[in-house]
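Let me begin by presenting the structure, written as structure tokens, before commenting on it.
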Amino acid sequence: MLALLIAFAGCTTAKGSFCAVSSPLRLTAKAVDALSDAEARALLAHNLKGERLCGWKP
């Protein structure tokens, strides 16, 4: 899942393509605690991109 997260976080695809193949990444509190700073930033970037392009809700 982490590899998928990182792949999509830096992706610069068209709105339709990203929204068609991506979904919000939601982790348990325990999983979030285990993330490195870089992984947490990538997860946040992915979810913020989805909010902006696809209308995802937190």
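Simple scheme: letters A, B, ... for chains in structure tokens order, numbers from 1 for residues in each chain, numbers from 1 for ligands in the order shown.
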
Review point. What's the 9 Å shell around Pro58 (chain A), counting only C-alpha atoms, without same-chain residues fewer than 2 positions away, as a list of chain:residue names?
Key: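 The filter keeps A:Pro24, A:Asn47, A:Glu51, A:Trp56.
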
Using only C-alpha atoms, the best pick from A:Lys49, A:Leu43, A:Cys19, A:Gly55 as closest to Ala31 (chain A) would be A:Leu43

Practice problem: Tell me which of A:Lys57, A:His46, A:Arg52, A:Arg41 sits closest to Leu25 (chain A), counting only C-alpha atoms. | Solution: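 When distances to Leu25 (chain A) are compared using only C-alpha atoms, the smallest one comes from A:His46.
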